[in-house]
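J.: Here you go, this is coords.json (JSON, C-alpha atoms).
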```json
[["chain", "number", "residue", "atom", "x", "y", "z"],
["V", 1244, "MET", "CA", -10.61, 20.59, 10.27],
["V", 1245, "LEU", "CA", -13.64, 20.36, 8.01],
["V", 1246, "SER", "CA", -13.48, 24.09, 7.33],
["V", 1247, "ILE", "CA", -10.29, 23.62, 5.28],
["V", 1248, "ARG", "CA", -11.58, 20.58, 3.38],
["V", 1249, "ASN", "CA", -12.50, 22.66, 0.32],
["V", 1250, "LEU", "CA", -8.92, 23.89, -0.03],
["V", 1251, "PHE", "CA", -7.94, 20.49, -1.45],
["V", 1252, "PRO", "CA", -9.46, 20.05, -4.92],
["V", 1253, "ASP", "CA", -8.44, 16.39, -5.36],
["V", 1254, "ARG", "CA", -9.44, 13.97, -2.62],
["V", 1255, "VAL", "CA", -8.52, 10.37, -1.83],
["V", 1256, "ALA", "CA", -10.36, 7.96, 0.46],
["V", 1257, "LEU", "CA", -8.86, 4.62, 1.38],
["V", 1258, "ARG", "CA", -10.63, 2.11, 3.65],
["V", 1259, "LEU", "CA", -12.99, 3.92, 6.03],
["V", 1260, "ASP", "CA", -14.94, 2.59, 9.01],
["V", 1261, "GLU", "CA", -18.34, 4.22, 8.50],
["V", 1262, "ALA", "CA", -20.51, 5.23, 5.55],
["V", 1263, "GLU", "CA", -20.76, 8.82, 6.80],
["V", 1264, "GLN", "CA", -16.99, 9.20, 6.58],
["V", 1265, "VAL", "CA", -17.06, 8.74, 2.80],
["V", 1266, "ASP", "CA", -18.97, 11.98, 2.28],
["V", 1267, "MET", "CA", -16.78, 13.75, 4.85],
["V", 1268, "VAL", "CA", -13.65, 12.83, 2.89],
["V", 1269, "LEU", "CA", -14.81, 12.93, -0.73],
["V", 1270, "GLY", "CA", -17.63, 15.47, -0.49],
["V", 1271, "ASP", "CA", -21.40, 15.37, -0.16],
["V", 1272, "GLY", "CA", -23.09, 12.61, -2.13],
["V", 1273, "ALA", "CA", -19.88, 10.78, -3.03],
["V", 1274, "ARG", "CA", -21.05, 7.54, -1.46],
["V", 1275, "ASP", "CA", -24.37, 7.73, -3.31],
["V", 1276, "ARG", "CA", -22.35, 8.08, -6.54],
["V", 1277, "GLY", "CA", -20.46, 4.83, -5.90],
["V", 1278, "ALA", "CA", -17.58, 5.55, -3.52],
["V", 1279, "LEU", "CA", -18.02, 2.62, -1.12],
["V", 1280, "ALA", "CA", -14.82, 3.16, 0.85],
["V", 1281, "ASP", "CA", -16.51, 1.82, 3.98],
["V", 1282, "GLN", "CA", -17.00, -1.54, 2.23],
["V", 1283, "ILE", "CA", -13.39, -2.13, 1.19],
["V", 1284, "PRO", "CA", -12.62, -5.62, 2.55],
["V", 1285, "ARG", "CA", -10.38, -6.18, 5.55],
["V", 1286, "ASP", "CA", -8.80, -9.35, 6.95],
["V", 1287, "PRO", "CA", -6.71, -9.01, 10.14],
["V", 1288, "ARG", "CA", -4.86, -12.23, 9.23],
["V", 1289, "ASP", "CA", -3.88, -11.01, 5.76],
["V", 1290, "PRO", "CA", -2.99, -7.31, 5.36],
["V", 1291, "SER", "CA", -3.01, -7.60, 1.57],
["V", 1292, "VAL", "CA", -6.81, -7.99, 1.51],
["V", 1293, "GLY", "CA", -8.19, -4.63, 0.44],
["V", 1294, "ALA", "CA", -4.76, -3.02, 0.50],
["V", 1295, "GLY", "CA", -4.30, -0.28, -2.07],
["V", 1296, "VAL", "CA", -8.01, 0.05, -2.90],
["V", 1297, "GLY", "CA", -9.46, 3.52, -2.68],
["V", 1298, "TYR", "CA", -11.60, 6.16, -4.31],
["V", 1299, "VAL", "CA", -10.43, 9.41, -5.87],
["V", 1300, "ARG", "CA", -12.48, 12.49, -6.63],
["V", 1301, "VAL", "CA", -10.75, 15.05, -8.79],
["V", 1302, "GLU", "CA", -11.66, 18.71, -9.11],
["V", 1303, "GLY", "CA", -14.54, 19.32, -11.46],
["V", 1304, "ALA", "CA", -15.69, 15.69, -11.55],
["V", 1305, "PRO", "CA", -18.48, 14.80, -9.14],
["V", 1306, "THR", "CA", -18.19, 11.04, -9.68],
["V", 1307, "PRO", "CA", -15.46, 9.32, -7.66],
["V", 1308, "ILE", "CA", -13.20, 6.83, -9.40],
["V", 1309, "ARG", "CA", -12.22, 3.49, -7.82],
["V", 1310, "VAL", "CA", -8.44, 3.06, -7.89],
["V", 1311, "ARG", "CA", -6.05, 0.29, -6.97],
["V", 1312, "ALA", "CA", -2.40, 0.67, -6.07],
["V", 1313, "MET", "CA", -0.02, -2.25, -6.00],
["V", 1314, "TYR", "CA", 0.53, -3.90, -2.62],
["V", 1315, "VAL", "CA", 4.20, -4.52, -1.88],
["V", 1316, "ARG", "CA", 5.06, -6.74, 1.08],
["V", 1317, "ASP", "CA", 7.81, -5.75, 3.54],
["V", 1318, "PHE", "CA", 9.77, -8.83, 2.43],
["V", 1319, "ASP", "CA", 9.74, -7.62, -1.18],
["V", 1320, "ILE", "CA", 10.86, -4.12, -0.18],
["V", 1321, "ARG", "CA", 13.80, -5.55, 1.78],
["V", 1322, "ARG", "CA", 14.73, -7.74, -1.20],
["V", 1323, "MET", "CA", 14.66, -4.71, -3.54],
["V", 1324, "VAL", "CA", 16.91, -2.77, -1.15],
["V", 1325, "LEU", "CA", 19.39, -5.65, -0.98],
["V", 1326, "ARG", "CA", 19.46, -5.91, -4.78],
["V", 1327, "GLU", "CA", 20.11, -2.21, -5.20],
["V", 1328, "ALA", "CA", 22.79, -2.33, -2.50],
["V", 1329, "GLY", "CA", 24.52, -5.10, -4.45],
["V", 1330, "VAL", "CA", 24.02, -7.75, -1.77],
["V", 1331, "LEU", "CA", 21.65, -9.76, -3.99],
["V", 1332, "SER", "CA", 22.15, -10.07, -7.72],
["V", 1333, "HIS", "CA", 19.31, -9.08, -10.00],
["V", 1334, "PRO", "CA", 16.96, -11.95, -10.82],
["V", 1335, "SER", "CA", 17.62, -14.38, -13.60],
["V", 1336, "ARG", "CA", 14.95, -15.62, -15.95],
["V", 1337, "ASP", "CA", 13.45, -17.84, -13.25],
["V", 1338, "ASP", "CA", 13.35, -14.84, -10.83],
["V", 1339, "THR", "CA", 15.31, -16.73, -8.17],
["V", 1340, "PRO", "CA", 17.39, -14.26, -6.14],
["V", 1341, "ARG", "CA", 21.06, -15.15, -5.84],
["V", 1342, "LEU", "CA", 23.62, -13.73, -3.45],
["V", 1343, "ALA", "CA", 26.10, -11.36, -5.04],
["V", 1344, "SER", "CA", 28.59, -11.90, -2.21],
["V", 1345, "ASP", "CA", 29.26, -14.33, 0.61],
["V", 1346, "ASP", "CA", 27.02, -12.32, 2.96],
["V", 1347, "THR", "CA", 23.83, -14.10, 3.94],
["V", 1348, "PRO", "CA", 21.14, -11.47, 4.44],
["V", 1349, "ASP", "CA", 18.17, -12.21, 6.64],
["V", 1350, "LEU", "CA", 15.26, -10.74, 4.70],
["V", 1351, "ARG", "CA", 13.06, -10.82, 7.81],
["V", 1352, "THR", "CA", 15.23, -8.23, 9.54],
["V", 1353, "ASP", "CA", 17.53, -5.39, 8.61],
["V", 1354, "ARG", "CA", 20.61, -7.36, 9.74],
["V", 1355, "ARG", "CA", 22.96, -9.78, 8.05],
["V", 1356, "GLU", "CA", 24.06, -13.00, 9.69],
["V", 1357, "GLY", "CA", 26.88, -12.27, 12.10],
["V", 1358, "ASP", "CA", 25.85, -8.67, 12.79],
["V", 1359, "ARG", "CA", 25.56, -7.87, 16.46],
["V", 1360, "ALA", "CA", 22.50, -6.11, 17.88]]
```
Would you mind giving the structure from this file in structure tokens?

T.:
Amino acid sequence: MLSIRNLFPDRVALRLDEAEQVDMVLGDGARDRGALADQIPRDPRDPSVGAGVGYVRVEGAPTPIRVRAMYVRDFDIRRMVLREAGVLSHPSRDDTPRLASDDTPDLRTDRREGDRA
């Protein structure tokens, strides 16, 4: 697998377990130049801790760049889907979701009340 590593000019490292892995992913010396992907925080009780943090090394630039992507919870994704499907109305100024119909969606699952398994 490492023999094809150089075929990918841009590289991304998210949370890694060991310091040696940083150089394996981003290239030799990346960790010494600041890519501390093995030190991205983790909390088993809260998956948002450290989520979306990573390091990117682009072709021609030896110094990795720390990046952060937005963390979107499963609940929020389900709510967006329901809004786009017309089940929830788009938020008002106070961002309180309102039902667009008499259906009562359960945002914790993919089912509406009354649906049979």

J.: Just to confirm, what's the straight-line distance from atom CA of Ala1280 of chain V to atom CA of Gly1303 of chain V in Å (one decimal)?

T.: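 About the pair atom CA of Ala1280 of chain V and atom CA of Gly1303 of chain V: they are 20.3 Å apart.
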
J.: Which protein, DNA or RNA residues are at most 10 Å from (-15.9, 11.0, -0.8) in the file's coordinates when you count all atoms listed in the file, listed as a ChimeraX atom specification?

T.: /V:1254-1257,1262-1280,1298-1300,1305-1308

J.: Quick one: pull the distance between atom CA of Asp1286 of chain V and atom CA of Asp1260 of chain V, Å, one decimal.

T.: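 Separation between atom CA of Asp1286 of chain V and atom CA of Asp1260 of chain V: 13.6 Å.
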
J.: Take atom CA of Pro1290 of chain V and atom CA of Tyr1314 of chain V and report the distance between them in Å, one decimal.

T.: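 The value is 9.4 Å.
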
J.: Given 3 Å of margin on each side, can you work out the centre and size in Å (one decimal) of an axis-aligned box holding every listed atom of segment 1311-1323 of chain V, as JSON?

T.:
```
{"center_x": 4.3, "center_y": -4.1, "center_z": -1.7, "size_x": 26.8, "size_y": 15.5, "size_z": 16.5}
```

J.: Neighbouring residues of Ser1291 of chain V were defined as those with any atom within 10 Å, considering all atoms listed in the file; residues of the same chain fewer than 3 positions away were excluded. Please report them as a PDB file with C-alpha atoms, in the coordinates of the input.

T.:
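Written file, selection.pdb:
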```
ATOM      1  CA  PRO V1284     -12.620  -5.620   2.550  1.00  0.00           C
ATOM      2  CA  ARG V1285     -10.380  -6.180   5.550  1.00  0.00           C
ATOM      3  CA  ASP V1286      -8.800  -9.350   6.950  1.00  0.00           C
ATOM      4  CA  PRO V1287      -6.710  -9.010  10.140  1.00  0.00           C
ATOM      5  CA  ARG V1288      -4.860 -12.230   9.230  1.00  0.00           C
ATOM      6  CA  ALA V1294      -4.760  -3.020   0.500  1.00  0.00           C
ATOM      7  CA  GLY V1295      -4.300  -0.280  -2.070  1.00  0.00           C
ATOM      8  CA  MET V1313      -0.020  -2.250  -6.000  1.00  0.00           C
ATOM      9  CA  TYR V1314       0.530  -3.900  -2.620  1.00  0.00           C
ATOM     10  CA  VAL V1315       4.200  -4.520  -1.880  1.00  0.00           C
ATOM     11  CA  ARG V1316       5.060  -6.740   1.080  1.00  0.00           C
TER      12      ARG V1316
END
```
